[in-house]
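Presented below is the structure to which this report refers.
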Amino acid sequence: MTAPTIAYPPTRRGALVEALFGQAVADPYRWLENDVRLDAEVASWVVAQNRVTDDHLGTLPGRGLFRDRLRTLYDYERFAIPVHKNGRYFYLRHAGVENQRVLHVRDGVDGTPRVLIDPNGWAEDGATALAEWSVSEDGTRLAFAVQDGGTDWRTIRVLDVGTGTVLEDEVFWARYTAIAWSKDGVGFFYARSPEPGPGAAFHASVDNHAIHFHALGTAQAQDRLVFATPDQPTMLHSASVTGDGRYLVLVSTPAAMGNRLAILDLARPDAPPRRLVDSLDNQWGVFGNVGTLFFLTTTKGAPRGKVVSLDIAAADPVVREVVAEQDSVLNAATLVGGTLLLSYLVDVKTEVRRYRLDGQADGVVPLPGIGTAIGFAGDHDDAETFFGFTSFNCPGVIYRYDVARNAAEVWSEARVAADLSGIAVEQRFFASKDGTRVPMFIIRRKDVTGPAPTLLHGYGGYGLIDPPAFSVERLAWVEQGGVFAVAHIRGGSEYGQAWHQAGRRQNKQNVFDDFIAAAEFLKAEGIASPDGLAVLGASNGGLLVGAVVNQRPDLFAAALPQVGVMDMLRFDRFTGGTLWVDEYGSPQQEADFRVLVAYSPYHNIRSGLAYPAILATTADTDDRVVPGHSFKYVAALQASIIGPRPHLIRVETRAGHGAGKPMDKVIAEAADLLSFAAHWTSLSVKLPC
């Protein structure tokens, strides 16, 4: 395909070279790390880059078609799983293409819906969103977090459910937080970071994260510090209240392999928290209790996970196995209606198994097909719960589940404006470089049987999984005749703790090898067309895309790294970057530095080779992976001799890492990414579909 000649905006190149562990490392674009909202030179660079990118995208015939089709596909009613509190049912509803979801309540499961919070009027551009929310046990108060422009910072307010009145309570600088009400409803627990200095909020680290308690009707200055670890300032903390309201469960983690666990007896709030787990070697999670008997999941001695119990009435509690490690991965657990509901991953597909409290098997929860089930929240004495089911060709069904009868009935069912019966979903397995067997899902129209333009997606980090789920963007690609593939590479936890360990720190190259092997498999099997394979991934997945393109540029026609971690030698200098050290290693340690410098996307662009077309995306308010990562990476691409295909960046305004992004921005960005990939993989886009 003939590439147009693109005149990139000039980018000032500095002369900075640092000696790091005896190695000279150039960083000519460090000035692009500055806050785009405060630095005029960076702001001008972004404006110029966006103009060039928009000019190129404007030439692509599929851009408008994808935008129109995405708007049509997104125009369907969808619900989130409801929360039941004292006869009231609270849930989020998206009517179609409105920018933000709206929070509703019903008095009774079949009651008349009433709008509680509609964030669509909070900002002219629709970029202020309702984030976390939590309802008091009596159903009369609702604490909700406001997210402005995609930032990770939150402001928490409180609503009177009966009257709809927003109370005077206002809590600032909450971050990476849940909201957990005390049983008596007098206040709630939340997590926050220290207030940053003037102009420092965007780059502020997450050090000294702490749990506080806010009593209703008081000023935030009076909030009680509940838990912190000043001797370990890089720990993240979360708090939840047990169903009986007696205990506060405190989880502390460096955001990677393991966590510590402590409890606070809320009947004795002045007593210090009691540490149950003080090691970071394994994952532990409390998911229910009956009095002093706690039920937990753990990976200790069980890399695929198991269920144990712990009676905290004992001075020295003994961990007792309840449900042993299985041949599949324990992904989630709840205690509802006196039953343990355990969600397992079987080759990345959900299976929900029932157990009695003594660990005896009690059947399985019937699911409608192969896909992903989530939910099952509740207390041990609840008679009902709700769960959602989705798959690549199922847009989402929410079920009301009767625990005693092991029976589910549809509570809501999404219906999208497309014929999903013509979509085929297939799971295949391929061998990585070292022979490891890796699963991959392939989604395409049933009549697409030969090589076709293909989008390959991956993540591969932090033990996170991208399970089968419906996506409008994927459907828009597939219904045009393209193939969408999801590779479940190492670094996730698809096969337990060992699968994660095999893709972190010094083993990170396995992640890239797996993804490259997936690309080679798609071509060798005649699924992807010879010059029709594009790759995409976000955040850690953006790092993945940047790294594999550097290592094997010949494999790909196009690449779409989104909000990527691109400078592996300075990621720990910004916002939450210190939390990533446990996953990637520390650039300040020589052994880790040697691993990081070998694959860092910004530092390994290979002049003299023909690169695929690249469209990187980021946002000016992304304070998780700061946009400087993508700015520097694209500046380096444009300065290198890597072939005639375009190497562009798209910078969204008043948007962050992804959460809270208004629907009009979601659609516009998706249309740009899909049309770019379609053009460079030679996918013919047409309407009607």
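Following the order of the structure tokens, first chain is A, next is B, and so on, with residues numbered from 1 inside each chain and ligands from 1 in the order they appear.
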
Based on the backbone DSSP call, show me all residues of segment 411-584 of chain A assigned strand (DSSP E or B), as a PDB file with N, CA and C atoms, in the first residue's frame.
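Result file is states_35.pdb:
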```pdb
ATOM      1  N   TRP A 411     -33.274 -10.659  34.761  1.00  0.00           N
ATOM      2  CA  TRP A 411     -33.678  -9.368  35.319  1.00  0.00           C
ATOM      3  C   TRP A 411     -33.612  -8.276  34.247  1.00  0.00           C
ATOM      4  N   SER A 412     -32.588  -8.336  33.386  1.00  0.00           N
ATOM      5  CA  SER A 412     -32.508  -7.440  32.230  1.00  0.00           C
ATOM      6  C   SER A 412     -31.675  -8.111  31.157  1.00  0.00           C
ATOM      7  N   GLU A 413     -31.977  -7.781  29.919  1.00  0.00           N
ATOM      8  CA  GLU A 413     -31.244  -8.359  28.793  1.00  0.00           C
ATOM      9  C   GLU A 413     -30.998  -7.281  27.750  1.00  0.00           C
ATOM     10  N   ILE A 423     -22.140 -14.388  14.055  1.00  0.00           N
ATOM     11  CA  ILE A 423     -20.788 -14.224  14.591  1.00  0.00           C
ATOM     12  C   ILE A 423     -20.315 -15.544  15.181  1.00  0.00           C
ATOM     13  N   ALA A 424     -19.147 -15.982  14.772  1.00  0.00           N
ATOM     14  CA  ALA A 424     -18.554 -17.217  15.281  1.00  0.00           C
ATOM     15  C   ALA A 424     -17.454 -16.890  16.278  1.00  0.00           C
ATOM     16  N   VAL A 425     -17.425 -17.653  17.385  1.00  0.00           N
ATOM     17  CA  VAL A 425     -16.387 -17.513  18.404  1.00  0.00           C
ATOM     18  C   VAL A 425     -15.688 -18.859  18.544  1.00  0.00           C
ATOM     19  N   GLU A 426     -14.383 -18.829  18.432  1.00  0.00           N
ATOM     20  CA  GLU A 426     -13.599 -20.059  18.468  1.00  0.00           C
ATOM     21  C   GLU A 426     -12.412 -19.865  19.404  1.00  0.00           C
ATOM     22  N   GLN A 427     -12.110 -20.880  20.194  1.00  0.00           N
ATOM     23  CA  GLN A 427     -10.897 -20.844  21.005  1.00  0.00           C
ATOM     24  C   GLN A 427      -9.853 -21.762  20.382  1.00  0.00           C
ATOM     25  N   ARG A 428      -8.665 -21.197  20.208  1.00  0.00           N
ATOM     26  CA  ARG A 428      -7.544 -21.965  19.662  1.00  0.00           C
ATOM     27  C   ARG A 428      -6.374 -21.856  20.632  1.00  0.00           C
ATOM     28  N   PHE A 429      -5.400 -22.750  20.484  1.00  0.00           N
ATOM     29  CA  PHE A 429      -4.193 -22.730  21.301  1.00  0.00           C
ATOM     30  C   PHE A 429      -2.984 -22.746  20.376  1.00  0.00           C
ATOM     31  N   PHE A 430      -1.948 -22.010  20.767  1.00  0.00           N
ATOM     32  CA  PHE A 430      -0.730 -21.967  19.956  1.00  0.00           C
ATOM     33  C   PHE A 430       0.478 -22.117  20.867  1.00  0.00           C
ATOM     34  N   ALA A 431       1.600 -22.462  20.275  1.00  0.00           N
ATOM     35  CA  ALA A 431       2.839 -22.654  21.021  1.00  0.00           C
ATOM     36  C   ALA A 431       3.681 -21.398  20.967  1.00  0.00           C
ATOM     37  N   ARG A 437       1.992 -23.545  25.894  1.00  0.00           N
ATOM     38  CA  ARG A 437       0.698 -23.569  25.222  1.00  0.00           C
ATOM     39  C   ARG A 437      -0.117 -22.365  25.693  1.00  0.00           C
ATOM     40  N   VAL A 438      -0.548 -21.512  24.750  1.00  0.00           N
ATOM     41  CA  VAL A 438      -1.209 -20.247  25.062  1.00  0.00           C
ATOM     42  C   VAL A 438      -2.581 -20.225  24.388  1.00  0.00           C
ATOM     43  N   PRO A 439      -3.635 -19.839  25.115  1.00  0.00           N
ATOM     44  CA  PRO A 439      -4.974 -19.798  24.502  1.00  0.00           C
ATOM     45  C   PRO A 439      -5.241 -18.473  23.787  1.00  0.00           C
ATOM     46  N   MET A 440      -6.116 -18.539  22.821  1.00  0.00           N
ATOM     47  CA  MET A 440      -6.518 -17.345  22.079  1.00  0.00           C
ATOM     48  C   MET A 440      -7.956 -17.528  21.604  1.00  0.00           C
ATOM     49  N   PHE A 441      -8.756 -16.471  21.726  1.00  0.00           N
ATOM     50  CA  PHE A 441     -10.096 -16.463  21.153  1.00  0.00           C
ATOM     51  C   PHE A 441     -10.058 -15.753  19.811  1.00  0.00           C
ATOM     52  N   ILE A 442     -10.825 -16.287  18.849  1.00  0.00           N
ATOM     53  CA  ILE A 442     -10.915 -15.714  17.509  1.00  0.00           C
ATOM     54  C   ILE A 442     -12.388 -15.455  17.217  1.00  0.00           C
ATOM     55  N   ILE A 443     -12.694 -14.213  16.879  1.00  0.00           N
ATOM     56  CA  ILE A 443     -14.076 -13.801  16.627  1.00  0.00           C
ATOM     57  C   ILE A 443     -14.170 -13.297  15.190  1.00  0.00           C
ATOM     58  N   ARG A 444     -15.107 -13.836  14.425  1.00  0.00           N
ATOM     59  CA  ARG A 444     -15.287 -13.409  13.034  1.00  0.00           C
ATOM     60  C   ARG A 444     -16.681 -13.806  12.557  1.00  0.00           C
ATOM     61  N   ARG A 445     -17.064 -13.249  11.425  1.00  0.00           N
ATOM     62  CA  ARG A 445     -18.324 -13.670  10.820  1.00  0.00           C
ATOM     63  C   ARG A 445     -18.208 -15.123  10.366  1.00  0.00           C
ATOM     64  N   ALA A 452      -8.073 -12.819   6.409  1.00  0.00           N
ATOM     65  CA  ALA A 452      -8.781 -11.541   6.445  1.00  0.00           C
ATOM     66  C   ALA A 452      -8.008 -10.567   7.326  1.00  0.00           C
ATOM     67  N   PRO A 453      -8.211  -9.263   7.095  1.00  0.00           N
ATOM     68  CA  PRO A 453      -7.597  -8.275   7.996  1.00  0.00           C
ATOM     69  C   PRO A 453      -7.962  -8.568   9.447  1.00  0.00           C
ATOM     70  N   THR A 454      -6.978  -8.521  10.310  1.00  0.00           N
ATOM     71  CA  THR A 454      -7.140  -9.010  11.681  1.00  0.00           C
ATOM     72  C   THR A 454      -6.600  -8.005  12.688  1.00  0.00           C
ATOM     73  N   LEU A 455      -7.359  -7.818  13.767  1.00  0.00           N
ATOM     74  CA  LEU A 455      -6.907  -7.052  14.929  1.00  0.00           C
ATOM     75  C   LEU A 455      -6.576  -8.030  16.048  1.00  0.00           C
ATOM     76  N   LEU A 456      -5.355  -7.961  16.551  1.00  0.00           N
ATOM     77  CA  LEU A 456      -4.895  -8.832  17.627  1.00  0.00           C
ATOM     78  C   LEU A 456      -4.716  -8.004  18.891  1.00  0.00           C
ATOM     79  N   HIS A 457      -5.382  -8.411  19.976  1.00  0.00           N
ATOM     80  CA  HIS A 457      -5.361  -7.664  21.233  1.00  0.00           C
ATOM     81  C   HIS A 457      -4.674  -8.482  22.323  1.00  0.00           C
ATOM     82  N   VAL A 483     -11.301  -9.917  11.351  1.00  0.00           N
ATOM     83  CA  VAL A 483     -11.155 -10.897  12.427  1.00  0.00           C
ATOM     84  C   VAL A 483     -10.655 -10.159  13.662  1.00  0.00           C
ATOM     85  N   PHE A 484     -11.194 -10.508  14.822  1.00  0.00           N
ATOM     86  CA  PHE A 484     -10.671  -9.981  16.082  1.00  0.00           C
ATOM     87  C   PHE A 484     -10.160 -11.145  16.899  1.00  0.00           C
ATOM     88  N   ALA A 485      -8.915 -11.034  17.393  1.00  0.00           N
ATOM     89  CA  ALA A 485      -8.302 -12.107  18.174  1.00  0.00           C
ATOM     90  C   ALA A 485      -7.832 -11.559  19.511  1.00  0.00           C
ATOM     91  N   VAL A 486      -8.037 -12.335  20.562  1.00  0.00           N
ATOM     92  CA  VAL A 486      -7.588 -11.974  21.909  1.00  0.00           C
ATOM     93  C   VAL A 486      -6.647 -13.065  22.390  1.00  0.00           C
ATOM     94  N   ALA A 487      -5.383 -12.701  22.587  1.00  0.00           N
ATOM     95  CA  ALA A 487      -4.373 -13.664  23.031  1.00  0.00           C
ATOM     96  C   ALA A 487      -4.197 -13.557  24.543  1.00  0.00           C
ATOM     97  N   ARG A 490       1.078 -14.794  28.803  1.00  0.00           N
ATOM     98  CA  ARG A 490       1.565 -14.816  30.177  1.00  0.00           C
ATOM     99  C   ARG A 490       1.659 -13.388  30.739  1.00  0.00           C
ATOM    100  N   GLY A 492      -0.797 -12.415  32.781  1.00  0.00           N
ATOM    101  CA  GLY A 492      -2.111 -12.439  33.409  1.00  0.00           C
ATOM    102  C   GLY A 492      -2.161 -13.573  34.415  1.00  0.00           C
ATOM    103  N   ALA A 528      -5.224 -14.501   9.530  1.00  0.00           N
ATOM    104  CA  ALA A 528      -4.893 -13.121   9.172  1.00  0.00           C
ATOM    105  C   ALA A 528      -4.320 -13.093   7.761  1.00  0.00           C
ATOM    106  N   SER A 529      -4.651 -12.058   7.020  1.00  0.00           N
ATOM    107  CA  SER A 529      -4.078 -11.909   5.683  1.00  0.00           C
ATOM    108  C   SER A 529      -2.594 -11.553   5.787  1.00  0.00           C
ATOM    109  N   PRO A 530      -1.806 -11.841   4.757  1.00  0.00           N
ATOM    110  CA  PRO A 530      -0.343 -11.713   4.847  1.00  0.00           C
ATOM    111  C   PRO A 530       0.145 -10.345   5.307  1.00  0.00           C
ATOM    112  N   ASP A 531      -0.452  -9.260   4.796  1.00  0.00           N
ATOM    113  CA  ASP A 531      -0.060  -7.927   5.245  1.00  0.00           C
ATOM    114  C   ASP A 531      -1.269  -7.225   5.841  1.00  0.00           C
ATOM    115  N   GLY A 532      -2.025  -7.980   6.642  1.00  0.00           N
ATOM    116  CA  GLY A 532      -3.274  -7.442   7.156  1.00  0.00           C
ATOM    117  C   GLY A 532      -3.450  -7.652   8.639  1.00  0.00           C
ATOM    118  N   LEU A 533      -2.344  -7.640   9.389  1.00  0.00           N
ATOM    119  CA  LEU A 533      -2.439  -7.856  10.824  1.00  0.00           C
ATOM    120  C   LEU A 533      -2.100  -6.568  11.574  1.00  0.00           C
ATOM    121  N   ALA A 534      -3.021  -6.136  12.425  1.00  0.00           N
ATOM    122  CA  ALA A 534      -2.800  -4.968  13.285  1.00  0.00           C
ATOM    123  C   ALA A 534      -2.850  -5.414  14.739  1.00  0.00           C
ATOM    124  N   VAL A 535      -2.103  -4.722  15.611  1.00  0.00           N
ATOM    125  CA  VAL A 535      -2.090  -5.051  17.030  1.00  0.00           C
ATOM    126  C   VAL A 535      -2.539  -3.845  17.837  1.00  0.00           C
ATOM    127  N   LEU A 536      -3.238  -4.126  18.940  1.00  0.00           N
ATOM    128  CA  LEU A 536      -3.654  -3.048  19.820  1.00  0.00           C
ATOM    129  C   LEU A 536      -3.637  -3.522  21.260  1.00  0.00           C
ATOM    130  N   GLY A 537      -3.414  -2.558  22.153  1.00  0.00           N
ATOM    131  CA  GLY A 537      -3.419  -2.829  23.579  1.00  0.00           C
ATOM    132  C   GLY A 537      -3.312  -1.512  24.320  1.00  0.00           C
ATOM    133  N   ALA A 538      -3.812  -1.492  25.558  1.00  0.00           N
ATOM    134  CA  ALA A 538      -3.852  -0.251  26.326  1.00  0.00           C
ATOM    135  C   ALA A 538      -3.105  -0.399  27.638  1.00  0.00           C
ATOM    136  N   ALA A 558      -0.175  -2.494  11.014  1.00  0.00           N
ATOM    137  CA  ALA A 558      -0.542  -1.318  11.806  1.00  0.00           C
ATOM    138  C   ALA A 558      -0.450  -1.663  13.274  1.00  0.00           C
ATOM    139  N   ALA A 559      -0.249  -0.632  14.100  1.00  0.00           N
ATOM    140  CA  ALA A 559      -0.150  -0.819  15.539  1.00  0.00           C
ATOM    141  C   ALA A 559      -0.876   0.321  16.236  1.00  0.00           C
ATOM    142  N   LEU A 560      -1.604  -0.020  17.309  1.00  0.00           N
ATOM    143  CA  LEU A 560      -2.422   0.950  18.026  1.00  0.00           C
ATOM    144  C   LEU A 560      -2.105   0.870  19.521  1.00  0.00           C
ATOM    145  N   PRO A 561      -1.000   1.467  19.959  1.00  0.00           N
ATOM    146  CA  PRO A 561      -0.700   1.487  21.396  1.00  0.00           C
ATOM    147  C   PRO A 561      -1.483   2.598  22.085  1.00  0.00           C
ATOM    148  N   GLN A 562      -2.276   2.226  23.087  1.00  0.00           N
ATOM    149  CA  GLN A 562      -3.151   3.182  23.765  1.00  0.00           C
ATOM    150  C   GLN A 562      -2.659   3.422  25.193  1.00  0.00           C
TER     151      GLN A 562
END
```

Would you mind listing what lies within 8 Å of Pro612 of chain A as a PDB file with N, CA, C and O atoms, in the first residue's frame, with only C-alpha atoms counted and same-chain residues fewer than 6 positions away left out?
```pdb
ATOM      1  N   VAL A 549       6.394  -4.321  18.399  1.00  0.00           N
ATOM      2  CA  VAL A 549       6.626  -3.641  17.126  1.00  0.00           C
ATOM      3  C   VAL A 549       8.118  -3.372  16.949  1.00  0.00           C
ATOM      4  O   VAL A 549       8.661  -3.522  15.845  1.00  0.00           O
ATOM      5  N   PRO A 553       8.901  -5.619  13.669  1.00  0.00           N
ATOM      6  CA  PRO A 553       8.085  -4.692  12.877  1.00  0.00           C
ATOM      7  C   PRO A 553       7.561  -5.316  11.591  1.00  0.00           C
ATOM      8  O   PRO A 553       6.549  -4.853  11.046  1.00  0.00           O
ATOM      9  N   ASP A 554       8.227  -6.348  11.104  1.00  0.00           N
ATOM     10  CA  ASP A 554       7.820  -6.986   9.852  1.00  0.00           C
ATOM     11  C   ASP A 554       6.493  -7.721   9.957  1.00  0.00           C
ATOM     12  O   ASP A 554       5.843  -7.991   8.931  1.00  0.00           O
ATOM     13  N   PHE A 556       3.636  -6.735  11.316  1.00  0.00           N
ATOM     14  CA  PHE A 556       2.424  -5.951  11.495  1.00  0.00           C
ATOM     15  C   PHE A 556       2.257  -4.890  10.413  1.00  0.00           C
ATOM     16  O   PHE A 556       3.210  -4.234  10.008  1.00  0.00           O
ATOM     17  N   ALA A 557       1.003  -4.727  10.008  1.00  0.00           N
ATOM     18  CA  ALA A 557       0.673  -3.660   9.072  1.00  0.00           C
ATOM     19  C   ALA A 557       0.356  -2.366   9.811  1.00  0.00           C
ATOM     20  O   ALA A 557       0.592  -1.270   9.287  1.00  0.00           O
ATOM     21  N   ALA A 558      -0.175  -2.494  11.014  1.00  0.00           N
ATOM     22  CA  ALA A 558      -0.542  -1.318  11.806  1.00  0.00           C
ATOM     23  C   ALA A 558      -0.450  -1.663  13.274  1.00  0.00           C
ATOM     24  O   ALA A 558      -0.557  -2.828  13.675  1.00  0.00           O
ATOM     25  N   ALA A 559      -0.249  -0.632  14.100  1.00  0.00           N
ATOM     26  CA  ALA A 559      -0.150  -0.819  15.539  1.00  0.00           C
ATOM     27  C   ALA A 559      -0.876   0.321  16.236  1.00  0.00           C
ATOM     28  O   ALA A 559      -0.762   1.484  15.832  1.00  0.00           O
ATOM     29  N   ARG A 645       5.296   4.654   6.234  1.00  0.00           N
ATOM     30  CA  ARG A 645       3.961   4.631   6.829  1.00  0.00           C
ATOM     31  C   ARG A 645       3.877   5.641   7.978  1.00  0.00           C
ATOM     32  O   ARG A 645       4.869   5.933   8.641  1.00  0.00           O
TER      33      ARG A 645
END
```

* For segment 149-156 of chain A: contacts at 10 Å, only C-alpha atoms, fewer than 4 positions along chain excluded, given as an NGL selection string -> :A and (123 or 125-133 or 143-145 or 169-177 or 179 or 190 or 192-193 or 201-202 or 575 or 619-624 or 653-662)

* Asked: If we count only C-alpha atoms, what is near segment 390-398 of chain A at a cut-off of 6 Å, once residues fewer than 5 positions away on the same chain are taken out, given as a count of residues only?
  -> 10

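The closest residue to Leu345 of chain A, picked from A:Arg260, A:Ser493, A:Arg606, A:Ala383 and counting only C-alpha atoms, is A:Ser493.
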
* To do: For His647 of chain A, please output as a ChimeraX atom specification all residues within 7 Å (counting only C-alpha atoms; exclusion window: fewer than 2 positions along the same chain).
  => /A:613-615,634,637-638,645

* Find the residues near Glu33 of chain A: any atom within 9 Å, counting only C-alpha atoms, skip ones fewer than 3 places away on the same chain, and give them as a PyMOL selection string. => chain A and resi 29-30+36+42+626-629+631-632

Quick one: write out the picked residues with N, CA, C and O atoms as a PDB file, in the first residue's frame?
```pdb
ATOM      1  N   TYR A  29      13.898  13.892  24.460  1.00  0.00           N
ATOM      2  CA  TYR A  29      12.566  14.502  24.495  1.00  0.00           C
ATOM      3  C   TYR A  29      12.009  14.576  25.921  1.00  0.00           C
ATOM      4  O   TYR A  29      10.790  14.591  26.116  1.00  0.00           O
ATOM      5  N   ARG A  30      12.881  14.692  26.894  1.00  0.00           N
ATOM      6  CA  ARG A  30      12.415  14.722  28.280  1.00  0.00           C
ATOM      7  C   ARG A  30      11.506  15.917  28.546  1.00  0.00           C
ATOM      8  O   ARG A  30      10.617  15.858  29.394  1.00  0.00           O
ATOM      9  N   VAL A  36       1.036  19.132  29.943  1.00  0.00           N
ATOM     10  CA  VAL A  36       0.561  19.794  28.729  1.00  0.00           C
ATOM     11  C   VAL A  36      -0.349  20.974  29.052  1.00  0.00           C
ATOM     12  O   VAL A  36      -0.467  21.928  28.265  1.00  0.00           O
ATOM     13  N   VAL A  42       4.841  22.371  25.255  1.00  0.00           N
ATOM     14  CA  VAL A  42       4.237  21.047  25.121  1.00  0.00           C
ATOM     15  C   VAL A  42       2.827  21.174  24.545  1.00  0.00           C
ATOM     16  O   VAL A  42       2.425  20.395  23.668  1.00  0.00           O
ATOM     17  N   VAL A 626       1.047   8.847  32.626  1.00  0.00           N
ATOM     18  CA  VAL A 626       1.062  10.235  32.165  1.00  0.00           C
ATOM     19  C   VAL A 626       1.339  10.289  30.662  1.00  0.00           C
ATOM     20  O   VAL A 626       2.070   9.449  30.119  1.00  0.00           O
ATOM     21  N   PRO A 627       0.745  11.265  29.954  1.00  0.00           N
ATOM     22  CA  PRO A 627       0.863  11.307  28.492  1.00  0.00           C
ATOM     23  C   PRO A 627       2.284  11.506  27.993  1.00  0.00           C
ATOM     24  O   PRO A 627       2.556  11.224  26.823  1.00  0.00           O
ATOM     25  N   GLY A 628       3.192  11.984  28.864  1.00  0.00           N
ATOM     26  CA  GLY A 628       4.580  12.126  28.440  1.00  0.00           C
ATOM     27  C   GLY A 628       5.188  10.845  27.899  1.00  0.00           C
ATOM     28  O   GLY A 628       6.073  10.881  27.046  1.00  0.00           O
ATOM     29  N   HIS A 629       4.709   9.700  28.368  1.00  0.00           N
ATOM     30  CA  HIS A 629       5.182   8.412  27.832  1.00  0.00           C
ATOM     31  C   HIS A 629       4.947   8.352  26.319  1.00  0.00           C
ATOM     32  O   HIS A 629       5.856   8.045  25.541  1.00  0.00           O
ATOM     33  N   PHE A 631       4.043  10.886  24.330  1.00  0.00           N
ATOM     34  CA  PHE A 631       4.626  12.032  23.639  1.00  0.00           C
ATOM     35  C   PHE A 631       6.067  11.723  23.230  1.00  0.00           C
ATOM     36  O   PHE A 631       6.471  11.936  22.073  1.00  0.00           O
ATOM     37  N   LYS A 632       6.851  11.249  24.166  1.00  0.00           N
ATOM     38  CA  LYS A 632       8.269  10.966  23.903  1.00  0.00           C
ATOM     39  C   LYS A 632       8.428   9.839  22.883  1.00  0.00           C
ATOM     40  O   LYS A 632       9.273   9.908  21.979  1.00  0.00           O
TER      41      LYS A 632
END
```

* Asked: Excluding same-chain residues fewer than 6 positions from Gly564 of chain A, what lies within 7 Å of it counting only C-alpha atoms, as a PyMOL selection string?
  -> chain A and resi 538-543+625+629-630

* May I ask for the distance between atom CA of Asp434 of chain A and atom CA of Ala517 of chain A, given in Å to one decimal place? =>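 Spanning atom CA of Asp434 of chain A to atom CA of Ala517 of chain A is a straight-line distance of 10.0 Å.
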
* To do: Could you please determine the separation between atom CA of Gly108 of chain A and atom CA of Ala377 of chain A in Å, to one decimal place?
  =>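 These two atoms are separated by 17.7 Å.
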
* Asked: What are the DSSP alpha helix (DSSP H) residues of segment 407-569 of chain A, as a ChimeraX atom specification?
  -> /A:472-478,497-501,508-524,540-551
